[in-house]
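Just my_file_32.cif here, mmCIF, C-alpha atoms (C1' of nucleotides):
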data_input
loop_
_atom_site.label_atom_id
_atom_site.label_comp_id
_atom_site.auth_asym_id
_atom_site.auth_seq_id
_atom_site.Cartn_x
_atom_site.Cartn_y
_atom_site.Cartn_z
CA MET H 1 5.63 -13.66 40.46
CA SER H 2 5.15 -13.88 36.72
CA GLU H 3 2.62 -11.10 36.43
CA LYS H 4 1.45 -11.32 32.84
CA GLU H 5 3.87 -9.00 31.20
CA HIS H 6 3.09 -7.07 28.09
CA PRO H 7 3.65 -9.54 25.24
CA THR H 8 5.80 -7.12 23.26
CA LYS H 9 8.08 -6.66 26.23
CA THR H 10 8.61 -10.39 26.28
CA VAL H 11 9.45 -10.35 22.58
CA ILE H 12 11.96 -7.53 23.12
CA LEU H 13 13.62 -9.30 26.04
CA ALA H 14 13.90 -12.50 24.03
CA ALA H 15 15.37 -10.56 21.13
CA ALA H 16 17.95 -8.97 23.43
CA ALA H 17 18.97 -12.39 24.70
CA THR H 18 19.29 -13.66 21.14
CA VAL H 19 21.50 -10.76 20.15
CA VAL H 20 23.82 -11.33 23.09
CA GLN H 21 24.02 -15.04 22.44
CA ARG H 22 24.59 -14.72 18.72
CA ASP H 23 26.66 -11.55 18.38
CA GLY H 24 28.21 -11.10 21.81
CA VAL H 25 27.51 -8.65 24.61
CA GLY H 26 29.49 -5.94 22.87
CA ARG H 27 26.92 -5.88 20.11
CA LEU H 28 23.95 -5.39 22.37
CA THR H 29 22.58 -2.10 21.04
CA ILE H 30 19.06 -0.81 21.01
CA ASP H 31 19.13 -0.83 17.22
CA ALA H 32 20.16 -4.47 17.10
CA VAL H 33 17.47 -5.48 19.58
CA ALA H 34 14.86 -3.57 17.60
CA ARG H 35 15.85 -5.28 14.36
CA GLU H 36 15.83 -8.68 16.03
CA ALA H 37 12.42 -8.05 17.56
CA GLY H 38 11.01 -6.73 14.30
CA LEU H 39 10.34 -3.31 15.76
CA SER H 40 11.73 0.14 15.22
CA LYS H 41 14.14 1.71 17.63
CA GLY H 42 11.39 3.99 18.83
CA GLY H 43 9.23 0.99 19.51
CA VAL H 44 11.79 -0.54 21.81
CA LEU H 45 12.30 2.73 23.62
CA TYR H 46 8.57 3.03 24.04
CA HIS H 47 8.64 -0.06 26.26
CA PHE H 48 12.04 0.39 27.86
CA ALA H 49 12.91 4.00 28.45
CA SER H 50 16.64 3.35 28.35
CA LYS H 51 19.19 0.67 27.73
CA ASP H 52 19.69 0.31 31.44
CA ALA H 53 15.99 -0.30 31.85
CA LEU H 54 16.23 -2.98 29.18
CA ILE H 55 19.04 -4.68 31.06
CA ALA H 56 17.11 -4.43 34.29
CA GLY H 57 14.29 -6.21 32.48
CA MET H 58 16.62 -8.94 31.28
CA LEU H 59 17.90 -9.42 34.81
CA ALA H 60 14.41 -9.52 36.28
CA ARG H 61 13.35 -12.05 33.70
CA MET H 62 16.34 -14.24 34.38
CA MET H 63 15.72 -14.08 38.11
CA SER H 64 12.06 -14.97 37.89
CA HIS H 65 12.80 -17.92 35.62
CA PHE H 66 15.41 -19.17 38.03
CA THR H 67 13.27 -18.80 41.13
CA ASP H 68 10.37 -20.48 39.35
CA ASP H 69 12.62 -23.41 38.51
CA MET H 70 13.83 -23.54 42.08
CA ALA H 71 10.31 -23.52 43.46
CA ARG H 72 9.22 -26.28 41.11
CA SER H 73 12.19 -28.45 42.03
CA VAL H 74 11.76 -27.87 45.74
CA ALA H 75 8.11 -28.85 45.54
CA ALA H 76 9.00 -32.13 43.83
CA ASP H 77 11.54 -33.13 46.47
CA SER H 78 10.27 -34.25 49.84
CA ALA H 79 13.48 -35.31 51.58
CA SER H 80 14.38 -32.47 53.89
CA PRO H 81 18.18 -32.38 54.09
CA GLY H 82 19.78 -31.14 50.89
CA ARG H 83 16.47 -30.25 49.31
CA MET H 84 17.43 -26.72 48.42
CA THR H 85 20.83 -27.79 47.22
CA ARG H 86 19.32 -30.33 44.85
CA ALA H 87 16.89 -27.73 43.58
CA TYR H 88 19.80 -25.36 42.97
CA ILE H 89 21.62 -28.00 40.93
CA ARG H 90 18.56 -28.63 38.81
CA ALA H 91 17.75 -24.95 38.35
CA THR H 92 21.22 -24.06 37.09
CA ASP H 93 21.25 -26.91 34.60
CA TYR H 94 20.61 -25.47 31.15
CA PRO H 95 22.06 -27.91 28.64
CA ASP H 96 20.44 -26.27 25.64
CA GLN H 97 21.57 -22.92 24.39
CA ALA H 98 18.03 -21.63 24.07
CA ASP H 99 17.44 -21.53 27.79
CA ALA H 100 20.98 -20.39 28.43
CA ALA H 101 20.03 -17.24 26.58
CA LEU H 102 18.12 -16.18 29.65
CA THR H 103 21.31 -15.93 31.63
CA THR H 104 22.76 -13.43 29.23
CA GLY H 105 21.20 -10.75 31.40
CA LEU H 106 24.00 -11.15 33.87
CA LEU H 107 26.61 -10.63 31.20
CA ALA H 108 24.82 -7.59 29.86
CA ALA H 109 24.70 -6.07 33.32
CA VAL H 110 28.37 -6.70 33.97
CA VAL H 111 29.35 -4.92 30.81
CA ASN H 112 26.81 -2.16 30.41
CA ASP H 113 25.54 -1.35 33.83
CA PRO H 114 27.80 -2.60 36.61
CA ALA H 115 25.66 -0.76 39.15
CA GLN H 116 22.99 -3.41 38.74
CA MET H 117 25.48 -6.00 39.92
CA GLY H 118 24.81 -4.92 43.48
CA GLU H 119 21.34 -6.38 43.36
CA MET H 120 22.70 -9.54 41.79
CA ARG H 121 25.30 -9.94 44.47
CA ALA H 122 22.66 -9.59 47.15
CA ILE H 123 20.60 -12.34 45.57
CA PHE H 124 23.56 -14.68 45.34
CA ALA H 125 24.36 -13.98 48.97
CA THR H 126 20.82 -15.01 49.87
CA TRP H 127 21.10 -18.28 47.96
CA GLN H 128 24.45 -18.97 49.53
CA ALA H 129 22.98 -18.43 53.00
CA THR H 130 20.07 -20.70 52.15
CA LEU H 131 22.30 -23.51 50.99
CA GLU H 132 24.48 -23.21 54.07
CA HIS H 133 21.44 -24.12 56.18
CA ASP H 134 20.14 -26.99 54.12
CA GLY H 135 21.15 -29.77 56.46
CA LEU H 136 24.51 -30.38 54.82
CA SER H 137 27.83 -29.11 56.06
CA PRO H 138 28.31 -25.54 54.81
CA ALA H 139 31.54 -26.45 53.05
CA LEU H 140 29.95 -29.33 51.16
CA ALA H 141 26.93 -27.24 50.22
CA THR H 142 29.24 -24.51 48.98
CA VAL H 143 31.31 -26.90 46.91
CA ILE H 144 28.15 -28.17 45.26
CA ARG H 145 26.90 -24.65 44.68
CA LEU H 146 30.20 -23.64 43.08
CA ALA H 147 30.21 -26.72 40.85
CA ALA H 148 26.70 -25.88 39.68
CA ASP H 149 27.80 -22.32 38.99
CA GLY H 150 30.84 -23.64 37.17
CA LEU H 151 28.68 -25.80 34.94
CA TRP H 152 26.53 -22.83 34.16
CA LEU H 153 29.63 -20.77 33.34
CA ALA H 154 30.99 -23.49 31.08
CA ASP H 155 27.68 -23.64 29.21
CA LEU H 156 27.45 -19.88 28.87
CA PHE H 157 30.95 -19.35 27.46
CA GLY H 158 31.35 -22.74 25.80
CA LEU H 159 34.36 -23.46 28.00
CA ALA H 160 34.59 -27.24 27.66
CA PRO H 161 31.11 -27.88 29.02
CA PRO H 162 30.63 -31.58 29.82
CA GLN H 163 28.04 -33.12 27.54
CA GLY H 164 26.15 -36.33 26.99
CA GLU H 165 27.19 -39.23 29.19
CA LEU H 166 29.73 -37.29 31.24
CA ARG H 167 27.31 -34.49 31.93
CA ALA H 168 24.70 -36.93 33.18
CA GLU H 169 27.27 -38.54 35.46
CA VAL H 170 28.37 -35.16 36.79
CA LEU H 171 24.81 -34.14 37.60
CA GLN H 172 24.17 -37.50 39.22
CA LEU H 173 27.30 -37.20 41.32
CA LEU H 174 26.35 -33.73 42.48
CA LEU H 175 22.89 -34.90 43.46
CA ALA H 176 24.38 -37.92 45.24
CA MET H 177 26.64 -35.61 47.21
CA THR H 178 23.56 -34.07 48.80
CA GLN H 179 22.58 -37.40 50.34
CA PRO H 180 23.67 -37.99 53.94
CA THR H 181 25.14 -41.41 53.11
CA GLY H 182 27.84 -40.37 50.70
CA GLU H 183 27.88 -43.29 48.31
CA GLU H 184 28.37 -43.36 44.56
CA MET J 1 57.79 -19.55 28.21
CA SER J 2 58.07 -16.10 29.71
CA GLU J 3 60.32 -14.62 27.07
CA LYS J 4 61.36 -11.29 28.56
CA GLU J 5 58.74 -9.02 27.19
CA HIS J 6 59.27 -5.38 26.55
CA PRO J 7 58.82 -3.68 29.94
CA THR J 8 56.43 -1.08 28.56
CA LYS J 9 54.19 -3.81 27.21
CA THR J 10 54.02 -5.28 30.69
CA VAL J 11 53.05 -1.89 32.09
CA ILE J 12 50.33 -1.49 29.49
CA LEU J 13 48.91 -4.95 30.14
CA ALA J 14 48.86 -4.31 33.88
CA ALA J 15 47.13 -0.98 33.27
CA ALA J 16 44.51 -2.68 31.12
CA ALA J 17 43.79 -5.20 33.87
CA THR J 18 43.48 -2.39 36.40
CA VAL J 19 41.02 -0.50 34.24
CA VAL J 20 38.81 -3.55 33.79
CA GLN J 21 38.89 -4.37 37.47
CA ARG J 22 38.21 -0.83 38.64
CA ASP J 23 35.89 0.58 35.97
CA GLY J 24 34.37 -2.49 34.35
CA VAL J 25 34.92 -4.14 30.98
CA GLY J 26 32.72 -1.62 29.26
CA ARG J 27 35.22 1.07 30.11
CA LEU J 28 38.18 -0.70 28.58
CA THR J 29 39.28 1.85 25.98
CA ILE J 30 42.70 2.55 24.60
CA ASP J 31 42.52 6.04 26.06
CA ALA J 32 41.75 4.75 29.51
CA VAL J 33 44.58 2.23 29.34
CA ALA J 34 46.95 4.92 28.11
CA ARG J 35 46.07 7.23 30.99
CA GLU J 36 46.43 4.43 33.50
CA ALA J 37 49.80 3.45 32.06
CA GLY J 38 51.01 7.04 31.90
CA LEU J 39 51.27 7.04 28.12
CA SER J 40 49.47 8.67 25.27
CA LYS J 41 47.01 6.80 23.12
CA GLY J 42 49.53 6.74 20.32
CA GLY J 43 52.06 5.23 22.64
CA VAL J 44 49.79 2.33 23.48
CA LEU J 45 49.00 1.76 19.82
CA TYR J 46 52.68 1.70 19.06
CA HIS J 47 53.06 -1.43 21.18
CA PHE J 48 49.69 -3.01 20.40
CA ALA J 49 48.59 -2.30 16.88
CA SER J 50 44.91 -2.60 17.74
CA LYS J 51 42.57 -3.12 20.62
CA ASP J 52 42.20 -6.74 19.63
CA ALA J 53 45.97 -7.13 19.82
CA LEU J 54 45.87 -5.66 23.31
CA ILE J 55 43.24 -8.18 24.34
CA ALA J 56 45.26 -10.98 22.80
CA GLY J 57 48.14 -9.82 24.93
CA MET J 58 45.99 -9.85 28.05
CA LEU J 59 44.83 -13.35 27.24
CA ALA J 60 48.37 -14.58 26.58
CA ARG J 61 49.53 -13.08 29.85
CA MET J 62 46.70 -14.68 31.76
CA MET J 63 47.42 -18.05 30.18
CA SER J 64 51.11 -18.01 30.91
CA HIS J 65 50.49 -17.04 34.52
CA PHE J 66 48.02 -19.87 34.92
CA THR J 67 50.20 -22.49 33.31
CA ASP J 68 53.16 -21.33 35.40
CA ASP J 69 51.04 -21.75 38.53
CA MET J 70 49.95 -25.18 37.36
CA ALA J 71 53.51 -26.26 36.67
CA ARG J 72 54.69 -25.06 40.07
CA SER J 73 51.88 -26.88 41.85
CA VAL J 74 52.40 -30.07 39.90
CA ALA J 75 56.10 -30.05 40.71
CA ALA J 76 55.35 -29.74 44.43
CA ASP J 77 52.95 -32.71 44.49
CA SER J 78 54.42 -36.18 44.20
CA ALA J 79 51.33 -38.36 44.65
CA SER J 80 50.33 -39.47 41.21
CA PRO J 81 46.54 -39.86 41.21
CA GLY J 82 44.79 -36.52 41.34
CA ARG J 83 47.98 -34.54 40.99
CA MET J 84 46.76 -32.44 38.08
CA THR J 85 43.40 -31.92 39.68
CA ARG J 86 44.97 -30.59 42.86
CA ALA J 87 47.21 -28.31 40.83
CA TYR J 88 44.14 -27.02 39.00
CA ILE J 89 42.41 -26.22 42.28
CA ARG J 90 45.42 -24.32 43.54
CA ALA J 91 46.00 -22.48 40.27
CA THR J 92 42.44 -21.18 40.05
CA ASP J 93 42.48 -19.95 43.65
CA TYR J 94 42.95 -16.20 43.63
CA PRO J 95 41.54 -14.87 46.88
CA ASP J 96 43.06 -11.42 46.47
CA GLN J 97 41.71 -9.05 43.90
CA ALA J 98 45.19 -8.11 42.70
CA ASP J 99 45.83 -11.47 41.13
CA ALA J 100 42.26 -11.76 39.99
CA ALA J 101 43.01 -8.84 37.72
CA LEU J 102 44.90 -11.23 35.52
CA THR J 103 41.74 -13.09 34.65
CA THR J 104 40.13 -9.97 33.31
CA GLY J 105 41.56 -10.90 29.94
CA LEU J 106 38.83 -13.45 29.49
CA LEU J 107 36.13 -10.90 30.17
CA ALA J 108 37.68 -8.45 27.79
CA ALA J 109 37.78 -11.06 25.06
CA VAL J 110 34.17 -12.07 25.59
CA VAL J 111 33.00 -8.51 25.19
CA ASN J 112 35.33 -6.99 22.64
CA ASP J 113 36.64 -9.80 20.53
CA PRO J 114 34.55 -12.97 20.76
CA ALA J 115 36.63 -14.51 17.99
CA GLN J 116 39.46 -14.99 20.44
CA MET J 117 37.19 -17.21 22.51
CA GLY J 118 37.92 -20.05 20.13
CA GLU J 119 41.48 -20.30 21.37
CA MET J 120 40.26 -20.11 24.94
CA ARG J 121 37.80 -22.91 24.39
CA ALA J 122 40.51 -25.09 22.93
CA ILE J 123 42.68 -24.55 25.99
CA PHE J 124 39.86 -25.39 28.37
CA ALA J 125 39.15 -28.53 26.38
CA THR J 126 42.78 -29.56 26.85
CA TRP J 127 42.62 -29.04 30.60
CA GLN J 128 39.37 -30.94 30.80
CA ALA J 129 40.92 -33.86 28.93
CA THR J 130 43.95 -33.77 31.22
CA LEU J 131 41.83 -33.87 34.35
CA GLU J 132 39.76 -36.74 32.99
CA HIS J 133 42.93 -38.85 32.90
CA ASP J 134 44.31 -37.96 36.28
CA GLY J 135 43.56 -41.22 38.01
CA LEU J 136 40.17 -40.13 39.33
CA SER J 137 36.82 -40.99 37.81
CA PRO J 138 36.10 -38.53 35.00
CA ALA J 139 32.86 -37.43 36.64
CA LEU J 140 34.55 -36.67 39.96
CA ALA J 141 37.40 -34.84 38.28
CA THR J 142 34.90 -32.80 36.31
CA VAL J 143 32.89 -31.89 39.38
CA ILE J 144 36.05 -30.67 41.06
CA ARG J 145 37.06 -28.73 37.98
CA LEU J 146 33.67 -27.06 37.79
CA ALA J 147 33.75 -26.16 41.47
CA ALA J 148 37.17 -24.56 41.01
CA ASP J 149 35.84 -22.64 38.02
CA GLY J 150 32.80 -21.62 40.04
CA LEU J 151 34.98 -20.26 42.80
CA TRP J 152 36.96 -18.29 40.26
CA LEU J 153 33.72 -16.93 38.79
CA ALA J 154 32.43 -15.94 42.22
CA ASP J 155 35.66 -14.07 42.94
CA LEU J 156 35.66 -12.33 39.59
CA PHE J 157 32.11 -11.02 39.76
CA GLY J 158 31.82 -10.80 43.52
CA LEU J 159 28.94 -13.28 43.48
CA ALA J 160 28.89 -14.41 47.12
CA PRO J 161 32.46 -15.71 47.07
CA PRO J 162 33.19 -17.80 50.15
CA GLN J 163 35.78 -16.13 52.33
CA GLY J 164 37.82 -16.73 55.45
CA GLU J 165 37.02 -19.91 57.32
CA LEU J 166 34.45 -21.23 54.86
CA ARG J 167 36.74 -20.66 51.90
CA ALA J 168 39.54 -22.58 53.58
CA GLU J 169 37.16 -25.44 54.31
CA VAL J 170 35.91 -25.46 50.74
CA LEU J 171 39.43 -25.63 49.34
CA GLN J 172 40.33 -28.36 51.82
CA LEU J 173 37.26 -30.37 50.88
CA LEU J 174 38.06 -30.06 47.18
CA LEU J 175 41.61 -31.23 47.75
CA ALA J 176 40.37 -34.09 49.93
CA MET J 177 38.06 -35.18 47.13
CA THR J 178 41.11 -35.89 44.98
CA GLN J 179 42.32 -38.51 47.45
CA PRO J 180 41.40 -42.14 46.65
CA THR J 181 40.09 -42.78 50.17
CA GLY J 182 37.24 -40.33 50.25
CA GLU J 183 37.30 -39.26 53.88
CA GLU J 184 36.78 -35.85 55.39
"C1'" DA L 1 84.76 15.40 15.83
"C1'" DT L 2 81.21 15.95 12.76
"C1'" DC L 3 77.83 14.90 9.52
"C1'" DT L 4 74.30 11.94 7.96
"C1'" DG L 5 71.22 8.32 8.35
"C1'" DT L 6 68.39 4.84 10.78
"C1'" DG L 7 65.43 2.63 14.21
"C1'" DT L 8 62.89 2.96 18.47
"C1'" DA L 9 59.68 4.94 21.35
"C1'" DC L 10 56.77 7.69 21.87
"C1'" DC L 11 53.12 12.45 21.70
"C1'" DG L 12 49.03 15.08 20.13
"C1'" DT L 13 45.57 15.73 16.83
"C1'" DC L 14 42.07 14.46 13.72
"C1'" DT L 15 38.49 11.85 11.31
"C1'" DG L 16 34.85 8.84 10.62
"C1'" DG L 17 31.62 5.93 12.47
"C1'" DA L 18 28.72 3.93 16.07
"C1'" DC L 19 25.68 4.56 19.67
"C1'" DG L 20 22.25 6.41 23.24
"C1'" DG L 21 18.76 9.27 23.46
"C1'" DT L 22 15.26 12.90 21.89
"C1'" DA L 23 11.84 14.74 18.96
"C1'" DT L 24 8.17 14.75 15.88
"C1'" DA L 25 4.72 13.57 12.55
"C1'" DG L 26 1.99 10.01 11.07
"C1'" DT L 27 -0.53 5.14 11.00
"C1'" DC L 28 -3.83 1.81 12.46
"C1'" DA L 29 -6.72 -0.95 15.32
"C1'" DT L 30 -9.96 -0.80 19.02
"C1'" DA Q 1 -9.46 9.41 20.71
"C1'" DT Q 2 -6.33 6.57 23.11
"C1'" DG Q 3 -2.65 3.11 22.96
"C1'" DA Q 4 0.83 1.02 20.41
"C1'" DC Q 5 3.48 1.65 17.61
"C1'" DT Q 6 6.46 3.24 12.65
"C1'" DA Q 7 9.64 6.17 10.27
"C1'" DT Q 8 12.85 9.64 9.95
"C1'" DA Q 9 15.82 12.98 11.44
"C1'" DC Q 10 18.90 14.70 14.46
"C1'" DC Q 11 22.26 15.80 18.54
"C1'" DG Q 12 26.16 14.98 21.53
"C1'" DT Q 13 29.45 11.88 22.96
"C1'" DC Q 14 32.61 8.32 22.78
"C1'" DC Q 15 35.95 5.71 20.63
"C1'" DA Q 16 39.28 3.10 17.31
"C1'" DG Q 17 42.52 3.93 14.39
"C1'" DA Q 18 45.40 6.80 11.23
"C1'" DC Q 19 48.81 10.19 10.80
"C1'" DG Q 20 52.44 13.52 11.22
"C1'" DG Q 21 55.70 14.88 14.07
"C1'" DT Q 22 59.36 14.76 17.99
"C1'" DA Q 23 63.20 13.18 20.83
"C1'" DC Q 24 66.91 10.35 21.33
"C1'" DA Q 25 70.33 6.77 20.85
"C1'" DC Q 26 73.46 4.72 17.95
"C1'" DA Q 27 76.21 3.67 13.67
"C1'" DG Q 28 79.24 4.39 10.09
"C1'" DA Q 29 81.69 7.33 7.01
"C1'" DT Q 30 84.71 11.06 6.37
#
I'd like the structure from this file rewritten - as structure tokens, please.
Amino acid sequence: MSEKEHPTKTVILAAAATVVQRDGVGRLTIDAVAREAGLSKGGVLYHFASKDALIAGMLARMMSHFTDDMARSVAADSASPGRMTRAYIRATDYPDQADAALTTGLLAAVVNDPAQMGEMRAIFATWQATLEHDGLSPALATVIRLAADGLWLADLFGLAPPQGELRAEVLQLLLAMTQPTGEE
Amino acid sequence: MSEKEHPTKTVILAAAATVVQRDGVGRLTIDAVAREAGLSKGGVLYHFASKDALIAGMLARMMSHFTDDMARSVAADSASPGRMTRAYIRATDYPDQADAALTTGLLAAVVNDPAQMGEMRAIFATWQATLEHDGLSPALATVIRLAADGLWLADLFGLAPPQGELRAEVLQLLLAMTQPTGEE
DNA sequence: ATCTGTGTACCGTCTGGACGGTATAGTCAT
DNA sequence: ATGACTATACCGTCCAGACGGTACACAGAT
């Protein structure tokens, strides 16, 4: 999946994420990304022919990170029912802002290139379908999925994200909910 | 709370929500809002001195709608433990796009005026604190809150939002989780 | 009744700046 | 001599906000 990308492209993508995180999506301009990456505007456009292409790159990067995380978590979890659901919980958990920057691609797409949302929606639909057939009841799996998404949202926007002790308890509870014997 | 606002202001705010919903946040311009509201640009600026003021208005409107919903739900629920949590679940549930338009204020703020996010964060922190003292364990209350937020997010962006039967089951499960005897 | 003034609610135009994108000439390492 | 850029200049478009003006309702004075 992670086919050794051109190193400069990686730098540019990281710079774009930083700009969004620090200055807001509204300030995501090619100029700003170029400054942040230490390149000229022409340099950025050399690697990404347009702003939309840049956003597509951000989205692709975000997706591959997420699926890598999923794959790693799935591999480390042998119990069959709820395996995918647990992996989903772990993959969406980005307590530190640095990693959260990766998810800024979604925001950028929503604002600058809504057309790319179609792809995103399709991917979410796939995950949803996967979790519905993970050995748990579809409703329970969906509740867990939505809670994981909610945590991710809270982190991204800083909307009262649970931290420290409470966060640990929340994650633990979510994981416990994937066990057939629902005990706390 | 709802101090009879100037009717034209209401029209403008509704128009702004429509524009965001239909064309995307990136297309939220004073011109577009003016056209949608059947006014001139100057007319819009007469009522909202700046774009930021417009967004503040959208945010205020969204907040008052939400708190009204909360209050109504709380009043109709006599059982004391989990009362707030249940009200929160019901208040965030906007299956139809029309009402979802109200929440576009948040998006607009994120993109155009991140400074206004501070207020938003404070409000979320208050809700979070309220739910933590609703008679449920803080972790459980938080999980439910996050799931409700996640559902709202899924609706807003169209990210595999559960619908029909599954949605009803999800909502029922969330409400059931607020009952002391955790049975399904 | 009429004149004069005042406040409200707009309309239409304009300006200045930001931004995406293009073009071009040149640099430097391999 | 090709790839990976830098630097500068420029074009067209979009947009926020400022501004001058218009229409109308109402008030008080005469």
Give me the residues near DA16 in chain Q as a PDB file with C-alpha atoms (C1' of nucleotides), in the frame of the given file, where near means some atom within 12 Å (using only C-alpha atoms (C1' of nucleotides)) and where sequence neighbours in that chain fewer than 2 positions away do not count.
ATOM      1  CA  LEU J  28      38.180  -0.700  28.580  1.00  0.00           C
ATOM      2  CA  THR J  29      39.280   1.850  25.980  1.00  0.00           C
ATOM      3  CA  ILE J  30      42.700   2.550  24.600  1.00  0.00           C
ATOM      4  CA  ASP J  31      42.520   6.040  26.060  1.00  0.00           C
ATOM      5  CA  LYS J  41      47.010   6.800  23.120  1.00  0.00           C
ATOM      6  CA  GLY J  42      49.530   6.740  20.320  1.00  0.00           C
ATOM      7  CA  LEU J  45      49.000   1.760  19.820  1.00  0.00           C
ATOM      8  CA  ALA J  49      48.590  -2.300  16.880  1.00  0.00           C
ATOM      9  CA  SER J  50      44.910  -2.600  17.740  1.00  0.00           C
ATOM     10  CA  LYS J  51      42.570  -3.120  20.620  1.00  0.00           C
ATOM     11  CA  ASP J  52      42.200  -6.740  19.630  1.00  0.00           C
TER      12      ASP J  52
ATOM     13  C1'  DT L  15      38.490  11.850  11.310  1.00  0.00           C
ATOM     14  C1'  DG L  16      34.850   8.840  10.620  1.00  0.00           C
ATOM     15  C1'  DG L  17      31.620   5.930  12.470  1.00  0.00           C
ATOM     16  C1'  DA L  18      28.720   3.930  16.070  1.00  0.00           C
TER      17       DA L  18
ATOM     18  C1'  DC Q  14      32.610   8.320  22.780  1.00  0.00           C
ATOM     19  C1'  DA Q  18      45.400   6.800  11.230  1.00  0.00           C
TER      20       DA Q  18
END
Do me a favour and pick out the residues of chain H within 7 Å of chain J, using all atoms listed in the file, as a ChimeraX atom specification. /H:24-26,111-112,114,121,124-125,128,139,142-143,146-147,149-151,158-160,166,169-170
Please indicate the distance in Å from CA of Arg22 in chain J to CA of Glu119 in chain H, rounded to one decimal place.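 Going from CA of Arg22 in chain J over to CA of Glu119 in chain H, I get 18.4 Å.
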Atomic distance CA of His65 in chain H - CA of Thr104 in chain J, expressed in Å with one decimal: 28.6 Å
Counting all atoms listed in the file, chain L residues within 12 Å of chain J, as a list in words: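 Applying the cut-off to the listed atoms yields DT8, DA9, DC10, DC11, DG12 and DT13 of chain L.
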